[in-house]
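Listing of data_18.csv, CSV, C-alpha atoms
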```csv
chain,number,residue,atom,x,y,z
X,1,MET,CA,-34.0,2.2,-20.9
X,2,PRO,CA,-31.0,2.0,-18.5
X,3,GLU,CA,-31.6,0.6,-15.1
X,4,HIS,CA,-30.9,3.9,-13.4
X,5,ARG,CA,-32.9,7.1,-12.7
X,6,VAL,CA,-32.9,9.3,-15.8
X,7,GLY,CA,-33.5,13.0,-15.5
X,8,THR,CA,-33.2,16.4,-17.2
X,9,GLN,CA,-30.1,18.5,-17.3
X,10,GLU,CA,-31.7,20.9,-14.8
X,11,GLU,CA,-32.2,18.0,-12.3
X,12,PHE,CA,-28.6,16.8,-12.8
X,13,ASP,CA,-27.3,20.3,-12.2
X,14,ALA,CA,-29.3,20.7,-9.0
X,15,ALA,CA,-28.2,17.3,-7.7
X,16,ARG,CA,-24.6,17.9,-8.7
X,17,ALA,CA,-24.5,21.2,-6.9
X,18,GLU,CA,-25.7,19.5,-3.7
X,19,LEU,CA,-23.2,16.7,-4.1
X,20,LEU,CA,-20.4,19.3,-4.8
X,21,ALA,CA,-21.0,21.0,-1.4
X,22,GLN,CA,-20.6,17.6,0.3
X,23,GLU,CA,-17.5,16.9,-1.7
X,24,LYS,CA,-16.0,20.2,-0.6
X,25,GLU,CA,-16.8,19.5,3.0
X,26,LEU,CA,-15.1,16.1,2.7
X,27,THR,CA,-12.0,17.8,1.3
X,28,ARG,CA,-11.9,20.2,4.2
X,29,ARG,CA,-12.3,17.3,6.6
X,30,GLY,CA,-9.4,15.6,4.8
X,31,ASP,CA,-7.2,18.7,5.3
X,32,GLU,CA,-8.0,18.6,9.0
X,33,LEU,CA,-7.1,15.0,9.3
X,34,ALA,CA,-3.9,15.6,7.4
X,35,ARG,CA,-3.0,18.3,10.0
X,36,LYS,CA,-3.7,15.9,12.9
X,37,ARG,CA,-1.7,13.2,11.2
X,38,ARG,CA,1.3,15.6,11.1
X,39,GLU,CA,0.8,16.4,14.8
X,40,LEU,CA,1.1,12.8,16.0
X,41,PRO,CA,4.0,12.4,18.5
X,42,TRP,CA,7.3,11.1,17.0
X,43,VAL,CA,8.6,7.9,18.4
X,44,PRO,CA,12.4,7.3,18.4
X,45,VAL,CA,13.3,4.1,16.6
X,46,GLU,CA,15.7,2.4,19.0
X,47,LYS,CA,16.1,-1.0,17.4
X,48,ASP,CA,19.0,-1.4,15.0
X,49,TYR,CA,17.2,-2.8,11.9
X,50,GLY,CA,19.4,-4.0,9.0
X,51,PHE,CA,18.4,-4.2,5.3
X,52,ASP,CA,19.9,-5.8,2.2
X,53,THR,CA,20.0,-3.3,-0.7
X,54,GLU,CA,21.5,-3.1,-4.1
X,55,ASP,CA,24.4,-1.1,-2.6
X,56,GLY,CA,25.0,-3.5,0.2
X,57,PRO,CA,23.8,-3.7,3.9
X,58,LYS,CA,22.2,-0.5,5.2
X,59,SER,CA,20.6,0.7,8.4
X,60,LEU,CA,17.2,2.4,8.6
X,61,GLY,CA,18.9,5.8,8.8
X,62,ASP,CA,20.9,5.0,5.6
X,63,LEU,CA,17.6,4.5,3.6
X,64,PHE,CA,16.8,8.2,3.8
X,65,ASP,CA,19.4,8.7,1.1
X,66,GLY,CA,20.3,12.2,2.2
X,67,ARG,CA,16.7,13.4,2.7
X,68,SER,CA,14.9,14.1,6.0
X,69,GLN,CA,11.8,12.1,5.4
X,70,LEU,CA,11.2,8.5,4.5
X,71,LEU,CA,8.1,6.6,3.4
X,72,VAL,CA,8.3,2.8,3.4
X,73,TYR,CA,5.7,0.7,1.7
X,74,HIS,CA,5.6,-2.8,3.3
X,75,PHE,CA,5.1,-4.9,0.2
X,76,MET,CA,3.7,-8.5,0.7
X,77,PHE,CA,6.5,-10.6,-0.7
X,78,GLY,CA,7.4,-13.2,1.9
X,79,PRO,CA,10.5,-15.5,1.7
X,80,PRO,CA,8.5,-18.4,0.1
X,81,TYR,CA,6.7,-16.3,-2.4
X,82,GLU,CA,7.6,-16.7,-6.1
X,83,ALA,CA,6.0,-13.4,-7.1
X,84,GLY,CA,4.7,-10.3,-5.3
X,85,CYS,CA,1.2,-9.9,-4.1
X,86,PRO,CA,-1.1,-8.7,-7.0
X,87,VAL,CA,-2.7,-6.1,-4.8
X,88,CYS,CA,0.6,-4.7,-3.5
X,89,SER,CA,1.7,-4.8,-7.1
X,90,SER,CA,-1.2,-2.6,-8.1
X,91,ILE,CA,-0.2,-0.1,-5.4
X,92,ALA,CA,3.5,-0.2,-6.6
X,93,ASP,CA,2.2,0.8,-10.0
X,94,THR,CA,1.1,4.1,-8.4
X,95,LEU,CA,4.2,4.5,-6.1
X,96,SER,CA,6.8,4.1,-8.8
X,97,PRO,CA,6.1,7.2,-10.9
X,98,ASN,CA,5.6,9.3,-7.8
X,99,ALA,CA,9.0,8.6,-6.3
X,100,VAL,CA,10.7,11.3,-8.3
X,101,HIS,CA,8.1,13.9,-7.3
X,102,LEU,CA,8.4,13.0,-3.6
X,103,LYS,CA,12.2,13.4,-3.9
X,104,ALA,CA,11.6,17.0,-4.9
X,105,ARG,CA,9.8,17.5,-1.6
X,106,ASP,CA,12.6,16.0,0.5
X,107,VAL,CA,10.9,12.5,0.8
X,108,THR,CA,12.5,9.2,-0.1
X,109,LEU,CA,10.1,6.5,-1.0
X,110,ILE,CA,11.1,2.8,-0.9
X,111,CYS,CA,9.5,-0.6,-0.7
X,112,SER,CA,10.5,-3.2,1.9
X,113,SER,CA,9.8,-6.9,1.8
X,114,ARG,CA,11.1,-10.0,3.7
X,115,ALA,CA,11.9,-12.0,0.6
X,116,PRO,CA,15.6,-12.3,-0.5
X,117,LEU,CA,16.8,-9.3,-2.4
X,118,ASP,CA,17.4,-11.1,-5.7
X,119,LYS,CA,13.8,-12.2,-5.8
X,120,LEU,CA,12.6,-8.6,-5.2
X,121,LEU,CA,14.9,-7.1,-7.9
X,122,GLY,CA,13.9,-9.8,-10.4
X,123,TYR,CA,10.3,-9.0,-9.9
X,124,ARG,CA,10.9,-5.3,-10.1
X,125,ARG,CA,12.5,-5.8,-13.5
X,126,ARG,CA,9.5,-7.8,-14.7
X,127,MET,CA,7.1,-5.0,-13.5
X,128,GLY,CA,9.2,-2.1,-14.8
X,129,TRP,CA,9.3,-0.2,-11.6
X,130,ASN,CA,12.1,2.2,-10.6
X,131,PHE,CA,11.8,2.7,-6.8
X,132,ASP,CA,14.4,1.3,-4.4
X,133,TRP,CA,13.4,-2.0,-3.0
X,134,VAL,CA,15.1,-3.4,0.1
X,135,SER,CA,14.9,-6.8,1.9
X,136,SER,CA,14.4,-6.6,5.6
X,137,GLY,CA,15.9,-10.2,5.7
X,138,GLY,CA,15.8,-11.7,9.1
X,139,SER,CA,15.1,-8.4,11.0
X,140,ASP,CA,11.9,-7.7,12.9
X,141,PHE,CA,11.2,-4.6,11.0
X,142,HIS,CA,7.8,-5.7,9.5
X,143,ARG,CA,6.9,-7.8,12.6
X,144,ASP,CA,7.4,-4.9,15.0
X,145,LEU,CA,4.9,-2.8,13.0
X,146,GLY,CA,2.3,-5.5,12.9
X,147,PHE,CA,2.8,-6.6,9.3
X,148,VAL,CA,4.0,-10.2,10.0
X,149,TYR,CA,1.9,-12.8,11.8
X,150,THR,CA,2.8,-16.0,13.6
X,151,ALA,CA,1.3,-19.4,13.0
X,152,GLU,CA,-0.4,-19.1,16.4
X,153,GLU,CA,-1.9,-15.7,15.6
X,154,LEU,CA,-3.2,-17.0,12.3
X,155,LYS,CA,-4.6,-20.3,13.6
X,156,PRO,CA,-8.2,-19.0,14.2
X,157,PHE,CA,-8.3,-17.4,10.8
X,158,LEU,CA,-7.1,-20.5,9.0
X,159,GLU,CA,-9.3,-22.9,11.0
X,160,GLY,CA,-12.4,-20.8,10.5
X,161,GLY,CA,-12.2,-20.8,6.8
X,162,TYR,CA,-11.1,-18.0,4.5
X,163,PRO,CA,-12.4,-16.2,1.4
X,164,ALA,CA,-11.8,-17.6,-2.0
X,165,THR,CA,-9.9,-14.4,-2.8
X,166,VAL,CA,-7.2,-15.4,-0.2
X,167,ARG,CA,-6.6,-18.7,-2.0
X,168,GLN,CA,-6.6,-16.8,-5.3
X,169,MET,CA,-3.9,-14.4,-4.1
X,170,ALA,CA,-1.8,-17.2,-2.5
X,171,GLN,CA,-1.8,-19.1,-5.8
X,172,ALA,CA,-0.9,-16.0,-7.7
X,173,CYS,CA,2.1,-15.6,-5.4
X,174,GLY,CA,3.2,-19.2,-5.9
X,175,THR,CA,2.7,-20.1,-2.3
X,176,ASP,CA,0.2,-21.7,0.1
X,177,VAL,CA,-2.5,-19.8,2.0
X,178,ALA,CA,-0.7,-20.0,5.4
X,179,SER,CA,2.5,-18.5,4.0
X,180,TYR,CA,0.6,-15.9,2.0
X,181,VAL,CA,-1.3,-14.5,5.0
X,182,THR,CA,1.8,-14.5,7.2
X,183,GLU,CA,2.6,-11.2,5.4
X,184,GLY,CA,0.6,-8.0,5.7
X,185,PRO,CA,0.7,-4.7,3.7
X,186,GLY,CA,1.4,-1.3,5.3
X,187,LEU,CA,2.9,2.1,5.0
X,188,SER,CA,5.2,3.6,7.6
X,189,ALA,CA,6.7,7.1,7.8
X,190,TYR,CA,9.9,8.4,9.4
X,191,THR,CA,11.9,11.5,9.8
X,192,LEU,CA,15.6,11.9,10.5
X,193,SER,CA,16.5,14.7,12.9
X,194,ASP,CA,19.9,15.2,14.6
X,195,SER,CA,21.0,11.7,13.6
X,196,THR,CA,17.9,10.1,15.3
X,197,VAL,CA,15.3,8.3,13.3
X,198,TYR,CA,11.7,8.9,14.4
X,199,ARG,CA,8.6,6.9,13.4
X,200,THR,CA,5.8,9.4,12.6
X,201,TYR,CA,3.0,7.4,11.1
X,202,VAL,CA,1.8,3.9,10.3
X,203,THR,CA,-1.3,2.6,8.4
X,204,THR,CA,-2.7,-0.5,6.7
X,205,ALA,CA,-5.9,-1.8,5.2
X,206,ARG,CA,-8.0,1.0,3.7
X,207,GLY,CA,-5.5,3.5,5.0
X,208,LEU,CA,-3.5,2.5,1.9
X,209,GLU,CA,-6.2,3.6,-0.5
X,210,PRO,CA,-4.6,6.9,-1.4
X,211,ALA,CA,-1.9,4.8,-3.1
X,212,MET,CA,-4.6,2.8,-5.0
X,213,ALA,CA,-5.4,5.5,-7.6
X,214,TYR,CA,-7.7,3.3,-9.6
X,215,TYR,CA,-10.2,3.2,-6.7
X,216,GLY,CA,-10.5,7.0,-6.7
X,217,LEU,CA,-11.2,6.9,-10.4
X,218,LEU,CA,-13.6,3.9,-10.2
X,219,ASP,CA,-15.5,5.8,-7.5
X,220,ARG,CA,-16.3,8.4,-10.2
X,221,ALA,CA,-17.2,5.9,-12.9
X,222,PRO,CA,-20.9,5.1,-13.4
X,223,LEU,CA,-20.8,1.7,-11.8
X,224,GLY,CA,-18.3,2.6,-9.1
X,225,ARG,CA,-16.1,-0.2,-7.7
X,226,HIS,CA,-18.8,-2.8,-8.6
X,227,GLU,CA,-17.2,-5.4,-6.3
X,228,GLU,CA,-20.3,-6.5,-4.4
X,229,GLY,CA,-20.8,-10.3,-4.5
X,230,GLU,CA,-17.6,-11.1,-6.5
X,231,GLN,CA,-16.1,-14.4,-5.3
X,232,MET,CA,-12.7,-13.7,-6.8
X,233,HIS,CA,-10.8,-10.4,-6.8
X,234,TRP,CA,-10.7,-8.6,-10.2
X,235,LEU,CA,-7.2,-7.2,-9.6
X,236,ARG,CA,-4.3,-8.6,-11.7
X,237,ARG,CA,-0.7,-7.6,-12.2
X,238,HIS,CA,-0.6,-5.0,-15.0
X,239,ASP,CA,1.0,-7.5,-17.4
X,240,GLU,CA,-1.7,-10.1,-16.8
X,241,TYR,CA,-4.8,-8.4,-18.1
X,242,GLY,CA,-4.3,-9.3,-21.7
X,243,ASN,CA,-5.0,-7.0,-24.5
X,244,GLY,CA,-8.5,-5.9,-23.4
```
Represent the structure contained in this file as C-alpha cells.
Amino acid sequence: MPEHRVGTQEEFDAARAELLAQEKELTRRGDELARKRRELPWVPVEKDYGFDTEDGPKSLGDLFDGRSQLLVYHFMFGPPYEAGCPVCSSIADTLSPNAVHLKARDVTLICSSRAPLDKLLGYRRRMGWNFDWVSSGGSDFHRDLGFVYTAEELKPFLEGGYPATVRQMAQACGTDVASYVTEGPGLSAYTLSDSTVYRTYVTTARGLEPAMAYYGLLDRAPLGRHEEGEQMHWLRRHDEYGNG
C-alpha cells in the first residue's frame, strides 16, 4: 500500500475540481501582478556601462540589438570562476531556446557576467547555448543592481557558517566559498525610448523561478520538489547527470 491517501475516482474528481478553482484564482492573481509589474515607474539609466561582446565593446543601449525591450539575466560567473554556477546553468537551459520567441515579441534576451568574455564563450560552447553573453568587465552594472557583494558585506555570512550546498556550488565552479558568494543571480528589464534606456524591473531569488521550468513540472509530479532535508543540492549541469 502506498504511503499516501488512496481514494476512488469520484473522490479524486471532487478534490480536483476544488483544487482547479484555486488554481484558476492563482492564475487570475498572477495576471493582476503582471499588470502591476508593467505599471512600475521607469527609471532612466544614467550611468555609462560598458560591456565586452563578441562584436567588440558595447554600451547598454547597444545590447538592445535594434529592439525596444531588453531582458538581462545576471549569470553567476565571477572573474575567478572556472565554470558557471550550476543553478544559473539550469536557468540558462530554459533561457536559450526561448530567446528566438522573445525576439518575435520585440525583446532581446542576453546573459551578463563579470568573468572575462573568453571564459563565458568557452562555457557557452560546452553547454550548447545560443543566446548572446556579455562580460560586464570592470563596470558596476551587477553591483549597482545588488548582484555583487563586498567582503565587508559578506563577513557576517561567512563567519556565521554557511550551508553545505554553498560549498558544493563553489567547488563546482572551481572557486572558494568567499569568491562564489560574491556573485548573485538576478534578472533586470529595460526599454529603449527616444534614445534613453530605462530600467523597468529587477528581481532575484524566487523571483527567478519562472525561468526554472523544471520546478513548475516538479510541483505537478507526485513527490513535488522533494528537497526537504537534503544536505546537498540535487541540481547539476545538464552534461553532468550521467545516463540515468
Would you list the contacts of X:Leu109 as a ChimeraX atom specification, taking every protein, DNA or RNA residue within 7 Å and counting only C-alpha atoms, but skipping same-chain residues closer than 4 positions in sequence?
/X:70-72,99
Between atom CA of X:Leu60 and atom CA of X:Leu40, what is the distance in Å, rounded to a tenth?
20.5 Å
Could you list, as a ChimeraX atom specification, every residue within 9 Å of X:Pro97, counting all atoms listed in the file and ignoring same-chain residues fewer than 4 positions away?
/X:92-93,101,129-131
Tell me which protein, DNA and RNA residues are within 12 Å of X:Ser59, counting only C-alpha atoms, leaving out same-chain ones fewer than 2 positions away, and put them as a PyMOL selection string.
chain X and resi 45-53+55-57+61-65+134-136+139+141+196-197
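Compared by their closest atoms to X:Thr150, and using only C-alpha atoms, the residues X:Asp219, X:Glu183, X:Asp132, X:Glu23 rank with X:Glu183 nearest.
Here atom CA of X:His74 stands at a distance of 15.2 Å from atom CA of X:Leu121.
With all atoms listed in the file as the atoms that count, the residue of X:Tyr162, X:Phe157, X:Tyr149, X:Phe75 with the shortest distance to X:Ser188 is X:Phe75.
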Dump as a VMD selection string all residues having an atom at most 10 Å from (-1.2, -5.5, -5.4), computed in the file's coordinates with all atoms listed in the file.
chain X and resid 75 to 76 84 to 93 169 185 212 235 to 238
Just to be explicit: take each residue in the selection above, keep C-alpha atoms, and write the result as a short mmCIF file (atom, residue, chain, number, x, y, z; two decimals), in the coordinates of the input.
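The resulting file, result_11.cif, is reproduced below:
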```cif
data_model
loop_
_atom_site.label_atom_id
_atom_site.label_comp_id
_atom_site.auth_asym_id
_atom_site.auth_seq_id
_atom_site.Cartn_x
_atom_site.Cartn_y
_atom_site.Cartn_z
CA PHE X 75 5.10 -4.90 0.20
CA MET X 76 3.70 -8.50 0.70
CA GLY X 84 4.70 -10.30 -5.30
CA CYS X 85 1.20 -9.90 -4.10
CA PRO X 86 -1.10 -8.70 -7.00
CA VAL X 87 -2.70 -6.10 -4.80
CA CYS X 88 0.60 -4.70 -3.50
CA SER X 89 1.70 -4.80 -7.10
CA SER X 90 -1.20 -2.60 -8.10
CA ILE X 91 -0.20 -0.10 -5.40
CA ALA X 92 3.50 -0.20 -6.60
CA ASP X 93 2.20 0.80 -10.00
CA MET X 169 -3.90 -14.40 -4.10
CA PRO X 185 0.70 -4.70 3.70
CA MET X 212 -4.60 2.80 -5.00
CA LEU X 235 -7.20 -7.20 -9.60
CA ARG X 236 -4.30 -8.60 -11.70
CA ARG X 237 -0.70 -7.60 -12.20
CA HIS X 238 -0.60 -5.00 -15.00
#
```
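Here the question is which of X:Ala151, X:Pro80, X:Arg105, X:Arg225 gets nearest to X:Asp176 using only C-alpha atoms, and that residue is X:Pro80.
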Give the centre and edge lengths of an axis-aligned box, in Å to one decimal, that holds all listed atoms of stretch 151-159 of chain X with 3 Å on each side, as JSON.
```
{"center_x": -4.0, "center_y": -19.3, "center_z": 12.7, "size_x": 16.6, "size_y": 13.2, "size_z": 13.4}
```
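Distances from X:Arg37, X:Glu3, X:Ser96, X:Gly30 to X:Thr200 were compared using all atoms listed in the file, and the smallest one belongs to X:Arg37.
Surrounding residues of (-1.2, 1.7, 11.0) at most 8 Å away are X:Leu145, X:Gly186, X:Leu187, X:Ser188, X:Tyr201, X:Val202, X:Thr203, X:Thr204, X:Gly207 (based on only C-alpha atoms).
Remark: for X:Arg167, the closest of the candidate residues X:His233, X:Arg199, X:Arg206, X:His142 is X:His233 (distances computed over only C-alpha atoms).
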Using all atoms listed in the file, which of X:Ala211, X:Ala104, X:Ala164, X:Ala205 sits nearest X:Gly146?
X:Ala205
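Coordinates place atom CA of X:Tyr215 at a distance of 19.9 Å from atom CA of X:Val166.
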Just stretch 155-168 of chain X from the block, all heavy atoms, as a PDB file, in the first residue's frame, could you?
```pdb
ATOM      1  N   LYS X 155      30.972  39.345   5.351  1.00  0.00           N
ATOM      2  CA  LYS X 155      31.664  38.898   6.563  1.00  0.00           C
ATOM      3  C   LYS X 155      30.739  38.195   7.559  1.00  0.00           C
ATOM      4  O   LYS X 155      31.072  37.101   8.046  1.00  0.00           O
ATOM      5  CB  LYS X 155      32.364  40.082   7.223  1.00  0.00           C
ATOM      6  CG  LYS X 155      33.258  39.687   8.389  1.00  0.00           C
ATOM      7  CD  LYS X 155      34.008  40.917   8.919  1.00  0.00           C
ATOM      8  CE  LYS X 155      34.918  40.523  10.085  1.00  0.00           C
ATOM      9  NZ  LYS X 155      35.657  41.712  10.605  1.00  0.00           N
ATOM     10  N   PRO X 156      29.564  38.747   7.903  1.00  0.00           N
ATOM     11  CA  PRO X 156      28.674  38.055   8.849  1.00  0.00           C
ATOM     12  C   PRO X 156      28.244  36.681   8.357  1.00  0.00           C
ATOM     13  O   PRO X 156      28.147  35.728   9.139  1.00  0.00           O
ATOM     14  CB  PRO X 156      27.480  39.010   8.972  1.00  0.00           C
ATOM     15  CG  PRO X 156      28.014  40.342   8.575  1.00  0.00           C
ATOM     16  CD  PRO X 156      29.031  40.065   7.515  1.00  0.00           C
ATOM     17  N   PHE X 157      27.988  36.586   7.066  1.00  0.00           N
ATOM     18  CA  PHE X 157      27.559  35.309   6.484  1.00  0.00           C
ATOM     19  C   PHE X 157      28.669  34.274   6.559  1.00  0.00           C
ATOM     20  O   PHE X 157      28.459  33.131   6.978  1.00  0.00           O
ATOM     21  CB  PHE X 157      27.133  35.516   5.033  1.00  0.00           C
ATOM     22  CG  PHE X 157      26.878  34.240   4.270  1.00  0.00           C
ATOM     23  CD1 PHE X 157      25.741  33.497   4.484  1.00  0.00           C
ATOM     24  CD2 PHE X 157      27.806  33.778   3.340  1.00  0.00           C
ATOM     25  CE1 PHE X 157      25.511  32.316   3.792  1.00  0.00           C
ATOM     26  CE2 PHE X 157      27.594  32.608   2.630  1.00  0.00           C
ATOM     27  CZ  PHE X 157      26.442  31.876   2.863  1.00  0.00           C
ATOM     28  N   LEU X 158      29.870  34.651   6.183  1.00  0.00           N
ATOM     29  CA  LEU X 158      30.986  33.713   6.153  1.00  0.00           C
ATOM     30  C   LEU X 158      31.422  33.317   7.559  1.00  0.00           C
ATOM     31  O   LEU X 158      31.808  32.164   7.792  1.00  0.00           O
ATOM     32  CB  LEU X 158      32.157  34.333   5.390  1.00  0.00           C
ATOM     33  CG  LEU X 158      31.907  34.583   3.900  1.00  0.00           C
ATOM     34  CD1 LEU X 158      33.055  35.365   3.284  1.00  0.00           C
ATOM     35  CD2 LEU X 158      31.702  33.267   3.159  1.00  0.00           C
ATOM     36  N   GLU X 159      31.345  34.243   8.506  1.00  0.00           N
ATOM     37  CA  GLU X 159      31.759  33.928   9.871  1.00  0.00           C
ATOM     38  C   GLU X 159      30.699  33.125  10.619  1.00  0.00           C
ATOM     39  O   GLU X 159      31.012  32.390  11.548  1.00  0.00           O
ATOM     40  CB  GLU X 159      32.048  35.221  10.638  1.00  0.00           C
ATOM     41  CG  GLU X 159      33.309  35.938  10.150  1.00  0.00           C
ATOM     42  CD  GLU X 159      33.585  37.204  10.948  1.00  0.00           C
ATOM     43  OE1 GLU X 159      32.658  37.655  11.674  1.00  0.00           O
ATOM     44  OE2 GLU X 159      34.708  37.731  10.860  1.00  0.00           O
ATOM     45  N   GLY X 160      29.449  33.260  10.194  1.00  0.00           N
ATOM     46  CA  GLY X 160      28.368  32.560  10.879  1.00  0.00           C
ATOM     47  C   GLY X 160      28.138  31.144  10.407  1.00  0.00           C
ATOM     48  O   GLY X 160      27.237  30.459  10.905  1.00  0.00           O
ATOM     49  N   GLY X 161      28.926  30.699   9.455  1.00  0.00           N
ATOM     50  CA  GLY X 161      28.720  29.364   8.900  1.00  0.00           C
ATOM     51  C   GLY X 161      27.747  29.415   7.739  1.00  0.00           C
ATOM     52  O   GLY X 161      26.877  30.284   7.675  1.00  0.00           O
ATOM     53  N   TYR X 162      27.882  28.505   6.824  1.00  0.00           N
ATOM     54  CA  TYR X 162      27.050  28.523   5.631  1.00  0.00           C
ATOM     55  C   TYR X 162      26.660  27.094   5.277  1.00  0.00           C
ATOM     56  O   TYR X 162      27.320  26.125   5.662  1.00  0.00           O
ATOM     57  CB  TYR X 162      27.794  29.174   4.457  1.00  0.00           C
ATOM     58  CG  TYR X 162      29.261  28.828   4.382  1.00  0.00           C
ATOM     59  CD1 TYR X 162      29.681  27.633   3.807  1.00  0.00           C
ATOM     60  CD2 TYR X 162      30.226  29.677   4.923  1.00  0.00           C
ATOM     61  CE1 TYR X 162      31.025  27.302   3.762  1.00  0.00           C
ATOM     62  CE2 TYR X 162      31.574  29.357   4.869  1.00  0.00           C
ATOM     63  CZ  TYR X 162      31.961  28.165   4.291  1.00  0.00           C
ATOM     64  OH  TYR X 162      33.281  27.820   4.244  1.00  0.00           O
ATOM     65  N   PRO X 163      25.556  26.918   4.557  1.00  0.00           N
ATOM     66  CA  PRO X 163      25.081  25.577   4.216  1.00  0.00           C
ATOM     67  C   PRO X 163      26.089  24.805   3.364  1.00  0.00           C
ATOM     68  O   PRO X 163      26.877  25.394   2.619  1.00  0.00           O
ATOM     69  CB  PRO X 163      23.794  25.855   3.427  1.00  0.00           C
ATOM     70  CG  PRO X 163      23.397  27.243   3.789  1.00  0.00           C
ATOM     71  CD  PRO X 163      24.673  27.975   4.059  1.00  0.00           C
ATOM     72  N   ALA X 164      26.019  23.490   3.474  1.00  0.00           N
ATOM     73  CA  ALA X 164      26.907  22.639   2.680  1.00  0.00           C
ATOM     74  C   ALA X 164      26.689  22.852   1.189  1.00  0.00           C
ATOM     75  O   ALA X 164      27.611  22.673   0.388  1.00  0.00           O
ATOM     76  CB  ALA X 164      26.679  21.174   3.035  1.00  0.00           C
ATOM     77  N   THR X 165      25.471  23.264   0.818  1.00  0.00           N
ATOM     78  CA  THR X 165      25.194  23.478  -0.599  1.00  0.00           C
ATOM     79  C   THR X 165      26.051  24.603  -1.168  1.00  0.00           C
ATOM     80  O   THR X 165      26.402  24.582  -2.349  1.00  0.00           O
ATOM     81  CB  THR X 165      23.713  23.816  -0.816  1.00  0.00           C
ATOM     82  OG1 THR X 165      23.339  24.904   0.039  1.00  0.00           O
ATOM     83  CG2 THR X 165      22.827  22.618  -0.505  1.00  0.00           C
ATOM     84  N   VAL X 166      26.381  25.597  -0.332  1.00  0.00           N
ATOM     85  CA  VAL X 166      27.198  26.709  -0.808  1.00  0.00           C
ATOM     86  C   VAL X 166      28.602  26.218  -1.139  1.00  0.00           C
ATOM     87  O   VAL X 166      29.173  26.565  -2.184  1.00  0.00           O
ATOM     88  CB  VAL X 166      27.253  27.836   0.248  1.00  0.00           C
ATOM     89  CG1 VAL X 166      28.221  28.932  -0.196  1.00  0.00           C
ATOM     90  CG2 VAL X 166      25.866  28.421   0.470  1.00  0.00           C
ATOM     91  N   ARG X 167      29.171  25.398  -0.255  1.00  0.00           N
ATOM     92  CA  ARG X 167      30.491  24.829  -0.541  1.00  0.00           C
ATOM     93  C   ARG X 167      30.436  23.943  -1.791  1.00  0.00           C
ATOM     94  O   ARG X 167      31.344  23.957  -2.622  1.00  0.00           O
ATOM     95  CB  ARG X 167      30.986  24.010   0.646  1.00  0.00           C
ATOM     96  CG  ARG X 167      32.421  23.496   0.469  1.00  0.00           C
ATOM     97  CD  ARG X 167      32.865  22.659   1.669  1.00  0.00           C
ATOM     98  NE  ARG X 167      32.819  23.424   2.900  1.00  0.00           N
ATOM     99  CZ  ARG X 167      33.806  24.232   3.297  1.00  0.00           C
ATOM    100  NH1 ARG X 167      34.887  24.392   2.545  1.00  0.00           N
ATOM    101  NH2 ARG X 167      33.697  24.891   4.429  1.00  0.00           N
ATOM    102  N   GLN X 168      29.337  23.194  -1.923  1.00  0.00           N
ATOM    103  CA  GLN X 168      29.161  22.327  -3.091  1.00  0.00           C
ATOM    104  C   GLN X 168      29.191  23.139  -4.381  1.00  0.00           C
ATOM    105  O   GLN X 168      29.871  22.787  -5.352  1.00  0.00           O
ATOM    106  CB  GLN X 168      27.828  21.585  -2.981  1.00  0.00           C
ATOM    107  CG  GLN X 168      27.410  20.824  -4.241  1.00  0.00           C
ATOM    108  CD  GLN X 168      25.943  20.418  -4.206  1.00  0.00           C
ATOM    109  OE1 GLN X 168      25.255  20.577  -3.197  1.00  0.00           O
ATOM    110  NE2 GLN X 168      25.449  19.899  -5.318  1.00  0.00           N
TER     111      GLN X 168
END
```
